[in-house]
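Reading through the structure tokens given below for one structure.
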Amino acid sequence: MHPVQQVLVMNDHAKFRTTIIAATILIIAVLAYSVVQDLVLPDVEGYVQRRSYYERTLSQKGLSEHKAMYWKEKP
Amino acid sequence: MLKLRLSISIIAIFSLIAGYGIQRYLRGPQIDERSYLKDLAPEARFLEKQGNPPVYRAHDNTIAFNTFDVLPQVRGYAGPIKVMVALDRDARILGLRIVEHHETKNYVHYMELPAYLSQFIGKYAGDAFELDKDIDSITRATVSVKALADTVKGSSRIVAANALGKTFPALSGTTQKEYAWMGYSVLFVFALSCSLFLKRLPHHQRLRDASLAAGILVIGIYLSSPFSILHVFNLVLLRPSSSILWLVIVASTLISVLIAGRFYCGWLCPFGAIAEFIGRIPARKWEIPSSTDNRWRNLKYVILALAVMLVFASHKVEYGNYEAYVTLFSFHGNALAWSLVAFSLLANLRIKRFWCRYLCPVAALTGLLSREAKGYPSRSDCPMQNKPHPLISECIRCNRCSS
Amino acid sequence: MVMPNAIQCELCPTECLLEDYQVGGCRTRINKGGTLYSLVYGKPCAVAIDPIEKKPFFHFLPGTTAFSIATAGCVLGCKFCQNWQISQANPEEVDHQDLSPEDVVRQALYNRCRTITYTYTEPTVFYEYMYDIARIARQYGINNTMHSCGYIKEKPLRELAQYLNAADVDLKAFTEDFYSRICGGRLKPVLDSLVVLKETGVWLEITNLVIPTLNDDRVQIRDMCRWIVKNLGPDVPLHLSRFFPSYKLKNLPPTPVATLLDARRIAMDAGLRYVYIGNVATGAENTSCPKCKQLLIERKGFVVLRNSIKAGKCPSCNTKIAGVWG
């Protein structure tokens with residue numbers, strides 16, 4: 001094979017490998033996302049909403065932050 | 001091939017068992033749904049739960065179901081509210097009971113009582129179910145009550161549409177095409193006949209192009225139901241749909257797989273068709289060494305195994321939803337899913353039938369299920385760029401090389 | 001899946017499970033990083049001096065004034081709430097002042113109030129504040145009284161009761177259905193609280209708002225009064241109140257006076273000795289001797305016109321009149 005052709009063939013091989021690995025990663029990402037979306041995101045979203053409401057609004061209103069009585073940790 | 005079949009079967013079975021175990025552990029003791037059925041519709045005698053969505057059907061067409069089986073995504077204050085609902089054949093609610101919820105008990109225990117739930121009885125699946133309009137709210141429990149109303153409303157509509165054939169206005173999703181299965185069957189038979197015809201006279205490849213085009217239009221665009229591994233997942237999880245079209249698609253494809261390998265891929269699959277047509281655009285195709293090509297063709301089995309594990313362990317078919325054609329023809333997916341569609345279609349400019357050769361789970365399934373076939377020596381213009389005498393899992397039966 | 005730092009509040013029977021940065025159903029308590037905090041400690045939104053008859057207390061230091069205080073929030077959500085603008089509001093949405101427990105007692109002393117009353121909204125939600133004020137008030141000889149719906153768990157109630165002199169509890173109805181559907185709570189914890197208060201020697205008076213069609217059933221009223229007589233004794237004063245359309249029950253009519261008079265009749269037949277009708281002029285705001293029927297305390301609205309009780313007894317027949325008179 002002509003050296004130039006040889007180089008072209010190698011590049012094709014490399015390009016192919018890159019493409020197929022990229023596709024695999026994409027598929028894994030799709031799969032992972034649907035799991036995460038179901039199990040993790042709702043809780044994270046809820047936390048972010050509550051936290052931002054607290055930081056933006058609640059904590060700015062001069063309310064108290066006095067330790068409360070009568071509660072327990074949830075395992 | 002044997003090693004592959006064995007390892008994937010082991011993974012599948014193991015995942016199935018693990019899945020049942022996990023589900024059992026997470027959900028706690030099985031809700032005895034049947035004990036609720038008696039309360040909901042005392043006169044009816046219900047058969048076993050089946051279908052997609054899974055419902056109990058009685059002889060007089062009374063339907064009962066667990067809303068969580070139908071619409072699991074609705075959330076109350078603390079997770080889903082699971083309700084057993086019974087509909088008569090006109091999609092009117094006969095009765096309902098809440099079987100599981102994790103709402104703050106003290107705010108919503110009234111919601112569980114027949115006195116409160118009785119307001120749902122007599123409503124049609126198509127009713128508004130709006131709080132403080134046709135549904136009484138419970139003070140301090142607005143989130144829970146709305147979730148209850150949405151759960152009952154949404155799942156009743158879905159069940160009414162799928163199990164009773166009744167659709168209501170403003171119902172999202174596919175409208176009923178009652179004779180779709182006939183159109184599909186005709187197309188299938190046409191394609192099959194053509195392929196057999198082509199075995200004798202291989203140079204009439206234009207017939208195959210016509211069949212592929214029909215596949216794109218009918219299966220892809222009009223019916224929006226390409227065969228996918230999700231069908232198989234639902235089958236294995238014992239959740240077949242009650243729609244005839246679904247049955248025809250699954251039966252015809254699986255049988256054709258057993259008898260004629262990847263016939264569906266070469267003659268009907270709308271995504272494969274688009275891939276092949278894009279591949280014919282005159283752009284230089286990358287030269288891929290045979291060894292590399294062969295090695296990477298196994299990738300589809302690995303991905304299938306991964307999806308199988310996810311789906312069987314979680315019992316959620318949604319977790320195995322990655323196929324580009326499902327996204328494309330249902331026109332529904334997130335940014336990642338659409339990127340995959342774009343990527344796998346564009347790749348066809350450089351690599352013929354990219355998805356079909358390396359990624360497709362249906363192809364992997366075919367590889368696992370079908371027998372060796374003789375008489376396909378392959379040619380340089382093979383649409384799948386197969387090596388001579390390819391594996392059964394790689395030949396899409398265009399029949400141009402059949403002797 | 002639950003994120004870390006979840007806690008469970010144990011103040012009232014709702015027992016909210018709170019995630020990180022989640023505010024409880026009462027709107028006044030928040031979980032921050034796994035610790036529970038009160039948002040309203042020292043931040044009252046209502047401070048006033050009222051005659052103690054308004055709380056309503058008819059058998060506790062009549063004619064004196066009560067330093068009344070409340071923060072925003074409530075454990076229930078009664079659809080007929082007369083104070084809903086502050087009870088059903090978030091503390092961050094309502095104006096408040098800064099008043100430390102010491103300052104509260106100081107002001108009560110300065111205004112010569114013999115009582116501090118925790119009222120208007122629901123004292124349970126500002127439990128820590130109330131508790132600290134009550135301890136200091138006790139040191140200075142000021143009485144502590146509360147007007148509560150009784151929706152509080154036993155342990156905190158018992159601990160508070162050490163410093164409580166009197167309590168007026170709303171017994172809103174006698175069915176779980178009413179408490180669920182109209183209030184968002186349960187009846188049983190209220191009944192339990194009533195018994196605990198009685199046990200701990202706190203002077204008890206009960207208020208019942210009579211709402212047409214919802215809790216005016218004669219049998220229900222009778223059963224309720226019988227329960228009070230049996231579990232708390234016939235000496236517990238009962239205040240029947242007239243309902244006026246409010247908040248989420250604007251479609252119901254005000255209670256007919258005849259209904260109230262009838263309810264009073266039923267209550268007295270059940271054995272209750274002191275049954276009053278509030279917010280309507282009927283003559284049933286006066287206290288008479290249960291034995292000889294002598295008029296003992298004459299009231300017009302919240303004003304005591306005449307009080308002839310001597311050393312806690314009827315001057316005519318010497319019957320002991322239940323209450324705290326000195």
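Labeling convention for the structure tokens: chains A, B, ... as they appear, residues from 1 per chain, ligands from 1 in order of appearance.
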From a DSSP calculation on the backbone, collect every residue of chain A in strand (DSSP E) and output the set as a ChimeraX atom specification.
/A:66-67,71-73
Name the residues in contact with region 370-387 of chain B at a cut-off of 6 Å, using only C-alpha atoms, excluding same-chain residues fewer than 2 positions from it; report them as a VMD selection string.
chain B and resid 258 261 366 to 367 389 to 390 392 401 to 402
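The environment of Asn61 (chain B) within 7 Å, counting only C-alpha atoms and disregarding residues fewer than 4 places along the same chain, consists of B:Arg57, B:Asp88, B:Arg89.
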A straight line from CA of Cys194 (chain B) to CA of Ser211 (chain B) spans 8.3 Å
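By chain and then residue number, the residues within 8 Å of Arg400 (chain B) are Leu198, Lys199, Pro202, His203 and Gln205 of chain B, counting only C-alpha atoms and disregarding those fewer than 5 positions away in sequence.
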Export of prior selection with N, CA and C atoms as a short mmCIF file (atom, residue, chain, number, x, y, z; two decimals), in the first residue's frame:
```cif
data_model
loop_
_atom_site.label_atom_id
_atom_site.label_comp_id
_atom_site.auth_asym_id
_atom_site.auth_seq_id
_atom_site.Cartn_x
_atom_site.Cartn_y
_atom_site.Cartn_z
N LEU B 198 -36.95 -12.43 -3.86
CA LEU B 198 -35.58 -11.97 -4.14
C LEU B 198 -34.55 -13.08 -3.97
N LYS B 199 -34.91 -14.09 -3.23
CA LYS B 199 -33.97 -15.21 -3.08
C LYS B 199 -33.75 -15.88 -4.43
N PRO B 202 -32.24 -12.25 -7.26
CA PRO B 202 -31.61 -11.31 -6.32
C PRO B 202 -31.42 -9.89 -6.84
N HIS B 203 -31.54 -9.69 -8.15
CA HIS B 203 -31.18 -8.35 -8.59
C HIS B 203 -32.33 -7.34 -8.51
N GLN B 205 -33.32 -5.50 -6.29
CA GLN B 205 -33.09 -4.84 -5.00
C GLN B 205 -34.00 -3.63 -4.78
#
```
With 12 Å as the limit and counting only C-alpha atoms, what residues in chain A lie close to chain C? Please list them as a count of residues only.
40
Show me, as a compact mmCIF listing (two decimals) with C-alpha atoms, in the first residue's frame, every residue of chain B with an atom at most 6 Å from chain A, counting only C-alpha atoms.
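Below you can see result21.txt, which holds the result:
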```txt
# COMPACT_ATOMS: atom_id res chain seq x y z
CA TRP B 286 -14.07 4.75 6.46
CA GLU B 287 -12.07 1.64 5.85
CA ILE B 288 -12.36 -0.55 8.90
CA TYR B 319 -34.48 2.15 32.60
CA LEU B 336 -28.99 13.02 25.66
```
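The neighbours of Cys317 (chain C) here are the residues that come within 10 Å of it, using only C-alpha atoms and leaving out any residue fewer than 4 positions away in the same chain; they are Cys289, Lys291, Cys292, Lys293, Gln294 and Lys313 of chain C.
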Could the residues in this selection be written to a file with N, CA and C atoms, as a compact mmCIF listing (two decimals), in the first residue's frame?
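For reference, part-v6.txt as written:
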```txt
# COMPACT_ATOMS: atom_id res chain seq x y z
N CYS C 289 -74.66 30.35 90.95
CA CYS C 289 -74.35 29.23 91.84
C CYS C 289 -75.06 27.99 91.34
N LYS C 291 -75.93 25.48 92.87
CA LYS C 291 -76.88 24.93 93.85
C LYS C 291 -78.09 25.84 94.03
N CYS C 292 -77.82 27.08 94.46
CA CYS C 292 -78.97 27.93 94.80
C CYS C 292 -79.30 28.93 93.70
N LYS C 293 -78.61 28.85 92.60
CA LYS C 293 -78.88 29.68 91.42
C LYS C 293 -78.66 31.17 91.64
N GLN C 294 -78.07 31.53 92.75
CA GLN C 294 -77.81 32.95 93.01
C GLN C 294 -76.85 33.50 91.97
N LYS C 313 -66.44 30.94 97.44
CA LYS C 313 -67.70 30.25 97.73
C LYS C 313 -68.88 31.17 97.43
```
Within 7 Å of chain B, which residues belong to chain C? Use only C-alpha atoms and report them as a ChimeraX atom specification.
/C:14,16,77,180-186
Quick one: residues within 12 Å of Val169 (chain C), only C-alpha atoms, excluding same-chain residues fewer than 2 positions away - as a CSV table (one decimal) with C-alpha atoms, in the first residue's frame?
```csv
chain,number,residue,atom,x,y,z
C,55,LYS,CA,-59.4,34.5,76.4
C,56,PRO,CA,-62.1,33.3,77.5
C,57,PHE,CA,-61.5,32.6,81.2
C,118,TYR,CA,-50.3,32.5,75.0
C,119,THR,CA,-53.2,32.7,72.5
C,122,GLU,CA,-51.6,28.3,68.5
C,123,PRO,CA,-49.1,28.4,71.4
C,124,THR,CA,-47.8,24.9,70.6
C,145,THR,CA,-52.4,30.7,80.8
C,146,MET,CA,-52.8,29.4,77.3
C,147,HIS,CA,-55.5,29.1,74.7
C,148,SER,CA,-54.7,26.1,72.6
C,149,CYS,CA,-56.3,23.5,70.3
C,150,GLY,CA,-54.7,20.9,72.4
C,151,TYR,CA,-53.0,19.3,69.5
C,152,ILE,CA,-49.7,18.7,71.3
C,166,ALA,CA,-54.8,27.6,83.4
C,167,ALA,CA,-55.6,26.5,79.9
C,171,LEU,CA,-62.8,21.1,71.7
C,172,LYS,CA,-64.0,21.8,68.2
C,173,ALA,CA,-66.2,18.8,67.6
C,190,VAL,CA,-57.1,16.6,71.8
C,191,LEU,CA,-59.0,14.4,74.2
C,192,ASP,CA,-55.8,13.0,75.5
C,193,SER,CA,-54.4,16.5,76.1
C,194,LEU,CA,-57.5,17.5,78.0
C,195,VAL,CA,-57.1,14.6,80.4
C,196,VAL,CA,-53.4,15.3,80.9
C,197,LEU,CA,-54.1,18.9,81.7
C,198,LYS,CA,-56.7,17.8,84.2
C,202,VAL,CA,-54.0,23.0,85.5
C,203,TRP,CA,-57.2,25.0,85.7
C,204,LEU,CA,-59.2,24.0,82.6
C,205,GLU,CA,-61.9,25.7,80.6
C,206,ILE,CA,-63.2,24.5,77.2
C,207,THR,CA,-64.4,26.4,74.2
C,208,ASN,CA,-66.6,25.0,71.5
C,209,LEU,CA,-67.4,26.9,68.3
C,236,VAL,CA,-65.1,22.5,83.8
C,237,PRO,CA,-66.6,25.6,82.3
C,238,LEU,CA,-67.8,25.2,78.8
C,239,HIS,CA,-67.9,28.3,76.5
```
Those in region 55-298 of chain C with alpha helix (DSSP H) from DSSP, as a VMD selection string:
chain C and resid 84 to 87 101 to 110 127 to 139 154 to 161 176 to 178 188 to 199 218 to 231 257 to 269
List as number ranges by chain the protein and nucleic acid residues near Ser256 (chain B), meaning an atom at most 12 Å away when only C-alpha atoms are counted, but skip any in the same chain fewer than 2 places from it.
B: 188-189, 191-192, 195, 248-254, 258-268, 366, 369-371, 396-397
Residue selection dump (C-alpha atoms) as a PDB file, in the first residue's frame:
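The resulting file, result-v9.pdb, is shown below:
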```pdb
ATOM      1  CA  PHE B 188     -45.197  -7.626   6.800  1.00  0.00           C
ATOM      2  CA  VAL B 189     -46.537 -10.194   4.410  1.00  0.00           C
ATOM      3  CA  ALA B 191     -42.043  -7.667   2.698  1.00  0.00           C
ATOM      4  CA  LEU B 192     -41.740 -11.358   3.439  1.00  0.00           C
ATOM      5  CA  SER B 195     -37.665 -11.318   0.282  1.00  0.00           C
ATOM      6  CA  VAL B 248     -48.973  -8.524  15.899  1.00  0.00           C
ATOM      7  CA  ILE B 249     -45.688  -6.623  15.958  1.00  0.00           C
ATOM      8  CA  VAL B 250     -44.177  -8.775  18.681  1.00  0.00           C
ATOM      9  CA  ALA B 251     -45.395 -12.085  17.320  1.00  0.00           C
ATOM     10  CA  SER B 252     -44.467 -11.440  13.713  1.00  0.00           C
ATOM     11  CA  THR B 253     -41.019 -10.095  14.536  1.00  0.00           C
ATOM     12  CA  LEU B 254     -40.091 -12.815  17.006  1.00  0.00           C
ATOM     13  CA  LEU B 258     -36.502 -17.552  14.695  1.00  0.00           C
ATOM     14  CA  ILE B 259     -37.075 -18.504  11.073  1.00  0.00           C
ATOM     15  CA  ALA B 260     -35.378 -15.857   8.994  1.00  0.00           C
ATOM     16  CA  GLY B 261     -32.831 -14.123  11.218  1.00  0.00           C
ATOM     17  CA  ARG B 262     -32.598 -10.368  10.744  1.00  0.00           C
ATOM     18  CA  PHE B 263     -35.250 -10.185   8.080  1.00  0.00           C
ATOM     19  CA  TYR B 264     -36.998  -7.385   9.968  1.00  0.00           C
ATOM     20  CA  CYS B 265     -33.781  -5.361   9.934  1.00  0.00           C
ATOM     21  CA  GLY B 266     -33.292  -5.658   6.220  1.00  0.00           C
ATOM     22  CA  TRP B 267     -36.874  -5.141   5.051  1.00  0.00           C
ATOM     23  CA  LEU B 268     -38.952  -3.306   7.667  1.00  0.00           C
ATOM     24  CA  THR B 366     -31.573 -12.020  17.035  1.00  0.00           C
ATOM     25  CA  LEU B 369     -32.093 -16.652  19.174  1.00  0.00           C
ATOM     26  CA  SER B 370     -31.612 -17.546  15.547  1.00  0.00           C
ATOM     27  CA  ARG B 371     -30.014 -20.552  13.950  1.00  0.00           C
ATOM     28  CA  ILE B 396     -30.056  -8.663   7.159  1.00  0.00           C
ATOM     29  CA  ARG B 397     -31.301 -10.919   4.337  1.00  0.00           C
TER      30      ARG B 397
END
```
